[in-house]
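A short worksheet on the structure shown next.
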Amino acid sequence: MACVQWNQSYNVDVHEIDEQHQKLVGIMNKLCESIDGGVDDFVIDEIVQDMADYALSHFETEEKYFREFDYEKTDEHIARHRDFSQKVLSLQKDLREGGNTVSSDAITFLGQWFADHVLKFDKEYVECFHEHGLY
Ligand SMILES: [Fe+2]
Ligand SMILES: [Fe+2]
């Protein structure tokens with residue numbers, strides 16, 4: 001079962017960003033399904049790495065526009081992105097060092113955190129992006 005239920009309310013009306021958000025949630029859901037399906041740890045580790053890489057490139061996209069548009073909440077938003085990356089890193093550490101398996105609950109938590117981030121923080125930059133003609 002998907003661990004993050006994506007719906008229209010998460011759209012920020014910026015095409016490139018909406019696509020990236022959906023793709024990231026897709027990777028998270030793939031991860032939950034793989035964990036629930038008992039897939040080998042090394043495969044899980046690869047998907048976690050995919051998620052980490054994709055999240056990073058998504059954050060870089062947003063941060064590029066923040067700088068380009070001189071977005072007023074740039075610093076605090078970037079700090080939120082770093083929080084997410086830290087959470088993923090500690091998940092990877094657990095997985096690699098402890099030999100612990102990652103639970104789908106942990107990914108669901110991460111997915112929910114991400115969804116909340118979109119609703120609370122990404123939505124705040126939409127007006128600024130739109131003012132600069134980015135849809
Ligand atoms: Fe985002
Ligand atoms: Fe963001």
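Just so we're on the same page: first chain in the structure tokens is A, next is B, and so on; residues restart at 1 for each chain, and ligands are numbered from 1 in the order they show up.
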Name the residues in contact with segment 47-54 of chain A at a cut-off of 12 Å, using only C-alpha atoms, excluding same-chain residues fewer than 4 positions from it; report them as a short mmCIF file (atom, residue, chain, number, x, y, z; two decimals) with C-alpha atoms, in the first residue's frame.
```cif
data_model
loop_
_atom_site.label_atom_id
_atom_site.label_comp_id
_atom_site.auth_asym_id
_atom_site.auth_seq_id
_atom_site.Cartn_x
_atom_site.Cartn_y
_atom_site.Cartn_z
CA GLU A 19 6.16 17.01 -11.18
CA GLN A 20 9.16 16.70 -8.88
CA HIS A 21 6.97 16.41 -5.76
CA GLN A 22 4.94 13.64 -7.36
CA LYS A 23 8.02 11.80 -8.47
CA LEU A 24 9.53 11.97 -4.98
CA VAL A 25 6.34 10.68 -3.39
CA GLY A 26 6.36 7.93 -6.01
CA ILE A 27 9.82 6.84 -4.85
CA MET A 28 8.70 6.91 -1.21
CA ASN A 29 5.70 4.75 -2.02
CA LYS A 30 7.87 2.34 -3.98
CA LEU A 31 10.08 2.11 -0.91
CA CYS A 32 7.15 1.34 1.41
CA GLU A 33 5.85 -1.30 -0.97
CA SER A 34 9.29 -2.88 -1.28
CA ILE A 35 9.75 -2.99 2.48
CA VAL A 39 12.61 -7.08 -0.62
CA ASP A 40 16.32 -7.58 0.23
CA ASP A 41 18.04 -4.90 2.30
CA PHE A 42 20.56 -4.02 -0.40
CA VAL A 43 17.70 -3.23 -2.80
CA HIS A 58 14.49 18.79 -6.02
CA PHE A 59 15.67 21.01 -3.17
CA GLU A 60 18.35 22.43 -5.47
CA THR A 61 15.64 23.36 -7.99
CA HIS A 81 15.46 21.11 3.46
CA ARG A 82 18.62 20.36 5.43
CA PHE A 84 14.98 16.45 5.73
CA SER A 85 18.37 15.45 4.34
CA GLN A 86 19.62 14.84 7.90
CA LYS A 87 16.69 12.53 8.60
CA VAL A 88 17.45 10.56 5.45
CA LEU A 89 21.14 10.37 6.36
CA SER A 90 20.40 8.94 9.80
CA LEU A 91 18.09 6.40 8.18
CA GLN A 92 20.94 5.35 5.88
CA LYS A 93 23.34 5.18 8.80
CA ASP A 94 20.99 2.83 10.67
CA LEU A 95 20.60 0.72 7.58
CA ARG A 96 24.29 0.47 6.76
CA THR A 101 16.05 -2.93 8.40
CA VAL A 102 14.22 0.26 7.60
CA SER A 103 10.55 0.00 8.50
CA SER A 104 7.82 1.26 6.24
CA ALA A 106 9.93 5.25 9.11
CA ILE A 107 9.33 5.99 5.42
CA LEU A 110 9.36 10.82 6.19
CA GLY A 111 6.62 10.97 3.56
CA PHE A 114 7.54 15.90 3.24
#
```
List all protein, DNA and RNA residues that have any atom at most 9 Å from ligand 2, counting only C-alpha atoms and all ligand atoms, and write the list as a list in words.
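The distance check yields His58, Phe59, Glu62, Glu63, His77, Ile78, Arg80, His81, Phe114, His117, Val118, Phe121, Asp122, Lys123 and Tyr125 of chain A.
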Please provide the set of residues having any atom within 12 Å of Phe129 of chain A, restricted to only C-alpha atoms, with same-chain residues fewer than 3 positions apart removed, written as a list in words.
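Close residues of Phe129 of chain A: Val12, Asp13, Val14, His15, Glu16, Ile17, Glu62, Glu63, Lys64, Tyr65, Phe66, Arg67, Glu68, Phe69, Asp70, Tyr71, Glu72, Asp122, Lys123, Glu124, Tyr125, Val126, His132, Gly133, Leu134 and Tyr135 of chain A.
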Enumerate as a PyMOL selection string all residues of chain A assigned to alpha helix (DSSP H) by DSSP on the backbone, naming them with the chain letters and numbers the document uses.
chain A and resi 15-36+41-69+74-93+104-117+123-131
